[in-house]
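So this one's entry_29.txt, compact mmCIF, C-alpha atoms:
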```
# COMPACT_ATOMS: atom_id res chain seq x y z
CA MET S 540 83.61 59.64 27.65
CA THR S 541 85.24 63.07 28.12
CA PHE S 542 84.09 63.10 31.73
CA ASP S 543 85.78 59.75 32.38
CA TYR S 544 88.95 60.70 30.50
CA PHE S 545 89.64 63.64 32.82
CA GLN S 546 88.74 61.87 36.06
CA PHE S 547 92.31 62.37 37.28
CA TYR S 548 91.49 66.05 37.79
CA ASN S 549 88.17 65.33 39.49
CA THR S 550 89.54 65.66 43.02
CA GLN S 551 86.12 66.60 44.43
CA ASN S 552 84.39 63.55 42.94
CA ILE S 553 81.85 65.59 40.99
CA THR S 554 79.30 63.33 39.33
CA GLU S 555 78.25 63.61 35.72
CA SER S 556 75.01 65.50 35.26
CA PRO S 557 72.97 66.86 32.33
CA HIS S 558 72.91 70.19 34.17
CA LEU S 559 76.64 70.64 33.62
CA LYS S 560 77.05 72.93 30.63
CA MET S 561 80.54 72.95 29.11
CA LYS S 562 81.97 75.30 26.50
CA HIS S 563 85.18 73.32 26.13
CA PHE S 564 86.97 70.40 27.75
CA LEU S 565 88.92 73.03 29.72
CA ASP S 566 85.57 74.11 31.09
CA LEU S 567 85.19 70.60 32.49
CA LEU S 568 88.57 70.82 34.22
CA ARG S 569 87.59 74.18 35.67
CA THR S 570 84.35 72.67 36.96
CA PHE S 571 86.29 69.83 38.58
CA TRP S 572 88.43 72.33 40.46
CA LEU S 573 85.88 74.90 41.55
CA PRO S 574 83.70 74.44 44.64
CA PRO S 575 79.98 73.78 44.08
CA SER S 576 78.11 76.80 42.74
CA GLU S 577 76.31 77.33 46.05
CA LYS S 578 79.67 77.63 47.82
CA LEU S 579 81.35 79.98 45.35
CA PRO S 580 82.39 83.22 47.08
CA LYS S 581 80.68 86.42 46.01
CA ARG S 582 82.44 88.95 43.84
CA ASP S 583 81.91 92.57 44.84
CA ASN S 584 83.03 95.72 43.08
CA HIS S 585 85.83 96.45 45.52
CA GLU S 586 89.32 97.61 44.65
CA PRO S 587 91.61 94.82 43.42
CA VAL S 588 94.23 93.55 45.84
CA LYS S 589 97.54 94.99 44.69
CA HIS S 590 99.92 93.65 47.30
CA VAL S 591 100.23 90.92 49.92
CA TYR S 592 103.42 90.10 51.79
CA SER S 593 105.35 87.04 50.65
CA ALA S 594 105.28 83.70 52.45
CA THR S 595 108.65 84.23 54.16
CA GLN S 596 107.73 87.77 55.20
CA LEU S 597 104.49 86.53 56.72
CA GLN S 598 106.29 83.73 58.54
CA ASP S 599 108.79 86.23 59.95
CA ALA S 600 105.79 88.15 61.26
CA GLY S 601 104.58 85.04 63.10
CA LEU S 602 102.12 83.56 60.61
CA LYS S 603 101.92 79.77 60.39
CA PHE S 604 101.29 77.81 57.20
CA ARG S 605 99.41 74.53 57.40
CA LYS S 606 98.16 72.06 54.85
CA GLY S 607 94.40 72.29 54.42
CA LEU S 608 92.37 69.11 54.23
CA SER S 609 89.88 70.29 51.62
CA ASN S 610 89.76 68.57 48.23
CA CYS S 611 89.15 71.94 46.61
CA LEU S 612 92.45 73.62 45.74
CA PHE S 613 91.00 77.09 46.20
CA ASP S 614 89.61 76.49 49.68
CA ILE S 615 92.11 78.73 51.48
CA ASN S 616 91.36 80.31 54.83
CA PHE S 617 93.13 82.44 57.40
CA LYS S 618 92.23 82.32 61.08
CA LYS S 619 94.08 83.12 64.31
CA GLY S 620 97.45 83.54 62.64
CA VAL S 621 97.22 80.31 60.62
CA LEU S 622 96.90 80.20 56.82
CA LYS S 623 95.56 76.85 55.62
CA MET S 624 96.10 75.90 51.99
CA PRO S 625 95.32 72.60 50.25
CA LEU S 626 98.31 70.94 48.62
CA ILE S 627 99.26 72.28 45.19
CA THR S 628 101.53 70.23 42.94
CA LEU S 629 103.74 71.92 40.36
CA ASP S 630 105.14 69.69 37.63
CA ASN S 631 106.04 69.83 33.95
CA SER S 632 102.38 69.99 32.91
CA SER S 633 101.39 72.77 35.30
CA GLU S 634 102.32 75.74 33.12
CA THR S 635 100.32 74.53 30.12
CA LEU S 636 97.33 73.56 32.25
CA TYR S 637 97.16 76.81 34.22
CA ARG S 638 97.82 79.00 31.19
CA ASN S 639 94.92 77.43 29.33
CA LEU S 640 92.59 77.71 32.30
CA LEU S 641 93.57 81.35 32.80
CA ALA S 642 92.94 82.04 29.11
CA LEU S 643 89.52 80.38 29.39
CA GLU S 644 88.57 82.63 32.29
CA GLN S 645 89.92 85.75 30.60
CA CYS S 646 87.73 85.05 27.57
CA HIS S 647 84.57 83.57 29.07
CA TYR S 648 84.53 84.07 32.84
CA SER S 649 86.07 87.48 33.47
CA ASP S 650 83.42 88.14 36.13
CA LYS S 651 83.92 84.71 37.74
CA ALA S 652 87.68 84.32 37.47
CA TYR S 653 88.24 82.11 40.51
CA ILE S 654 91.28 80.32 39.12
CA THR S 655 92.76 83.71 38.29
CA ASP S 656 92.18 84.74 41.91
CA TYR S 657 94.15 81.73 43.09
CA VAL S 658 97.07 82.30 40.72
CA ILE S 659 97.26 85.99 41.68
CA LEU S 660 97.32 85.04 45.37
CA LEU S 661 100.04 82.48 44.69
CA GLY S 662 102.02 85.19 42.93
CA PHE S 663 101.81 87.40 46.02
CA LEU S 664 103.03 84.60 48.29
CA ILE S 665 105.85 83.38 46.05
CA THR S 666 108.43 85.98 45.03
CA THR S 667 111.69 84.16 45.83
CA ASP S 668 112.94 80.59 45.94
CA ASN S 669 112.85 80.82 49.74
CA ASP S 670 109.09 81.21 49.56
CA VAL S 671 108.91 77.98 47.57
CA LYS S 672 111.16 76.22 50.10
CA LEU S 673 108.92 77.37 52.93
CA LEU S 674 105.67 76.22 51.31
CA VAL S 675 107.19 72.85 50.43
CA ARG S 676 108.49 72.44 53.98
CA LYS S 677 105.06 73.27 55.40
CA GLY S 678 103.39 70.67 53.19
CA VAL S 679 101.24 73.03 51.13
CA MET S 680 103.25 72.63 47.93
CA ALA S 681 104.83 69.70 46.10
CA ASN S 682 107.53 70.93 43.73
CA LEU S 683 108.27 68.34 41.03
CA LEU S 684 110.01 70.79 38.71
CA GLY S 685 113.54 70.06 39.85
CA ASN S 686 114.44 73.16 41.82
CA ASP S 687 112.84 76.04 43.69
CA ASP S 688 113.81 78.70 41.15
CA GLU S 689 111.82 76.92 38.44
CA ALA S 690 108.72 76.88 40.63
CA LYS S 691 109.15 80.56 41.47
CA ASP S 692 109.63 81.47 37.80
CA LEU S 693 106.58 79.43 36.79
CA VAL S 694 104.33 81.30 39.20
CA LYS S 695 105.78 84.62 38.07
CA LYS S 696 105.13 83.80 34.40
CA LEU S 697 101.56 82.74 35.12
CA CYS S 698 100.86 86.11 36.74
CA THR S 699 102.19 88.06 33.75
CA ASN S 700 99.74 89.88 31.44
CA ILE S 701 96.64 88.84 33.36
CA VAL S 702 93.66 91.18 33.11
CA TYR S 703 92.80 91.41 36.77
CA VAL S 704 89.73 93.41 37.79
CA ASN S 705 88.88 92.23 41.29
CA MET S 706 89.19 89.28 43.64
CA ASN S 707 86.45 87.16 45.18
CA SER S 708 85.19 88.39 48.53
CA ASP S 709 86.69 85.58 50.63
CA TYR S 710 90.19 86.10 49.23
CA HIS S 711 89.82 89.87 49.42
CA VAL S 712 88.95 89.70 53.13
CA PHE S 713 91.78 87.45 54.21
CA CYS S 714 94.32 89.32 52.03
CA ARG S 715 93.39 92.42 53.99
CA GLU S 716 93.71 90.43 57.22
CA LEU S 717 97.13 89.10 56.19
CA LYS S 718 98.40 92.64 55.64
CA ALA S 719 96.99 93.76 58.98
CA PHE S 720 98.58 90.76 60.71
CA TYR S 721 101.99 91.59 59.25
CA LYS S 722 101.82 95.21 60.37
CA LYS S 723 101.21 94.40 64.05
CA PRO S 724 104.56 94.77 65.88
CA TRP S 725 103.51 92.34 68.61
CA ASN S 726 103.19 89.51 66.09
CA ARG S 727 106.75 90.08 64.86
CA TRP S 728 108.11 90.32 68.42
CA GLN S 729 106.48 87.01 69.33
CA ALA S 730 107.86 85.39 66.18
CA THR S 731 111.36 86.69 66.95
CA LEU S 732 111.20 85.35 70.50
CA ARG S 733 110.08 81.93 69.32
CA ARG S 734 112.68 81.79 66.54
CA ASP S 735 115.69 83.14 68.46
CA TYR S 736 115.07 81.89 72.00
CA PHE S 737 112.52 79.05 72.01
CA SER S 738 112.95 77.23 68.69
CA THR S 739 114.79 74.18 70.15
CA PRO S 740 114.97 72.51 73.59
CA TRP S 741 118.58 73.66 74.00
CA ARG S 742 117.66 77.27 73.28
CA ILE S 743 114.80 77.06 75.78
CA VAL S 744 117.15 75.72 78.47
CA SER S 745 119.76 78.37 77.65
CA THR S 746 117.16 81.14 77.76
CA ILE S 747 115.78 79.98 81.11
CA ALA S 748 119.30 79.67 82.53
CA ALA S 749 120.15 83.18 81.32
CA VAL S 750 116.99 84.60 82.88
CA ILE S 751 117.73 82.87 86.21
CA LEU S 752 121.32 84.13 86.15
CA LEU S 753 120.11 87.65 85.38
CA LEU S 754 117.59 87.47 88.21
CA LEU S 755 120.20 86.24 90.70
CA THR S 756 122.60 88.99 89.61
CA PHE S 757 119.85 91.55 90.10
CA LEU S 758 119.03 90.22 93.58
CA GLN S 759 122.70 90.21 94.54
CA THR S 760 123.02 93.84 93.42
CA ILE S 761 119.97 94.81 95.47
CA TYR S 762 121.34 92.96 98.51
CA THR S 763 124.70 94.73 98.15
CA MET S 764 123.09 98.15 97.89
CA PHE S 765 120.58 97.55 100.67
CA PRO S 766 122.01 94.99 103.10
CA ILE S 767 119.64 93.43 105.61
CA LYS S 768 120.00 95.04 109.03
CA GLY S 769 121.98 92.92 111.43
CA SER S 770 123.45 90.73 108.72
CA ASN S 771 126.98 91.98 109.56
CA ARG S 772 126.63 91.56 113.35
CA VAL S 773 129.56 89.71 114.92
CA CYS S 774 128.52 87.09 117.47
```

What is this file in structure tokens?
Amino acid sequence: MTFDYFQFYNTQNITESPHLKMKHFLDLLRTFWLPPSEKLPKRDNHEPVKHVYSATQLQDAGLKFRKGLSNCLFDINFKKGVLKMPLITLDNSSETLYRNLLALEQCHYSDKAYITDYVILLGFLITTDNDVKLLVRKGVMANLLGNDDEAKDLVKKLCTNIVYVNMNSDYHVFCRELKAFYKKPWNRWQATLRRDYFSTPWRIVSTIAAVILLLLTFLQTIYTMFPIKGSNRVC
């Protein structure tokens, strides 16, 4: 009966099984959200991730956000400058739900705190209301809280007073890759070119026209300085 009651959260269509051992109904919700045990990332004794650049900072560096197609909320991956994240919905029930799941992991799954990993990562990405706007615009977040500040504040509150030891290996790797991506000057230069000169058809046309004009001016200067022999001959 409990399994059926919480089917709304069963986005991965996990089937009821006697092998599923639950400590609490929150444990069932956690099971619904986590990937199958054989697909859970490893957890190594590496240093915890202490900083990742925000969503808007990463976009300014050329990173692209795209909606992931996985039914597992935590199935996030970063490849070739694209960060794919399944859709997360924030509404009036989100704070209570996430707080209880975080508390469950803090008490019973401190060495397998995968939901905590996700919330910590979300806290890195969202530090201002502009980060929320960006994620909503890119289709990786649905904000039903009324305004962007509320969503930002919710994420900030969820990340407060969490006992955070380490992050799963998959997240740890791509957090390191995100920081490396941001620090490459070439990525930021490319992003600036696309944003300032090639973001719309009109800007593309204007940029091409400016380049052609500059090239013609350069050729005219060269011709003036080094005229072709015989070009001034009077017939």

Mind listing as a PDB file with C-alpha atoms, keeping the file's coordinate frame all residues within 8 Å of (87.4, 72.1, 40.4), counting all atoms listed in the file?
```
ATOM      1  CA  TYR S 548      91.490  66.050  37.790  1.00  0.00           C
ATOM      2  CA  ASN S 549      88.170  65.330  39.490  1.00  0.00           C
ATOM      3  CA  THR S 550      89.540  65.660  43.020  1.00  0.00           C
ATOM      4  CA  GLN S 551      86.120  66.600  44.430  1.00  0.00           C
ATOM      5  CA  LEU S 568      88.570  70.820  34.220  1.00  0.00           C
ATOM      6  CA  ARG S 569      87.590  74.180  35.670  1.00  0.00           C
ATOM      7  CA  THR S 570      84.350  72.670  36.960  1.00  0.00           C
ATOM      8  CA  PHE S 571      86.290  69.830  38.580  1.00  0.00           C
ATOM      9  CA  TRP S 572      88.430  72.330  40.460  1.00  0.00           C
ATOM     10  CA  LEU S 573      85.880  74.900  41.550  1.00  0.00           C
ATOM     11  CA  PRO S 574      83.700  74.440  44.640  1.00  0.00           C
ATOM     12  CA  CYS S 611      89.150  71.940  46.610  1.00  0.00           C
ATOM     13  CA  LEU S 612      92.450  73.620  45.740  1.00  0.00           C
TER      14      LEU S 612
END
```

Which distance in Å separates CA of Glu644 in chain S and CA of Asp566 in chain S, to one decimal?
-> 9.1 Å

Separating CA of Met680 in chain S from CA of Leu629 in chain S, to the nearest tenth of an Å, is a gap of 7.6 Å

Could you pull the residues within 8 Å of range 714-719 of chain S, counting all atoms listed in the file, minus those fewer than 2 positions along the same chain, as JSON, numbers by chain?
-> {"S": [588, 591, 592, 597, 617, 710, 711, 712, 721, 722, 723]}

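Relative to CA of Leu565 in chain S, CA of Glu586 in chain S is found at 28.8 Å.
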
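For the set S:Leu664, S:Asp670, S:Glu577, S:Leu753, the residue with the smallest atom-to-atom gap to Asp688 in chain S is S:Asp670, counting only C-alpha atoms.
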
Would you place a box with edges along x, y and z of the file around all atoms of range 571-581 of chain S listed there, add 6 Å to each of its six sides, and report the centre and edge lengths in Å to one decimal, as JSON?
```
{"center_x": 82.4, "center_y": 78.1, "center_z": 43.2, "size_x": 24.1, "size_y": 28.6, "size_z": 21.2}
```

Give as a ChimeraX atom specification each residue that has an atom at most 7 Å from (110.5, 73.7, 45.6) in the file, counting only C-alpha atoms.
-> /S:671-672,675,681-682,686-687,690

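Of the residues under consideration (S:Met706, S:Val750, S:Cys698, S:Leu602), S:Met706 shows the shortest atom-to-atom contact distance to Asp650 in chain S when counting all atoms listed in the file.
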
Would you kindly return, as a PyMOL selection string, each protein, DNA or RNA residue with an atom no farther than 10 Å from any atom of Ser609 in chain S, considering all atoms listed in the file and excluding same-chain residues fewer than 3 positions away?
-> chain S and resi 550-551+606+612-615+623-626

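Comparing the minimum interatomic distances between Thr699 in chain S and each of S:Leu673, S:Ile659, S:Leu758, S:Leu643, counting only C-alpha atoms, we find that S:Ile659 sits nearest.
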
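Between Asp630 in chain S and the residues S:Phe720, S:Tyr762, S:Lys581, S:Leu693, the shortest atom-to-atom distance, using only C-alpha atoms, involves S:Leu693.
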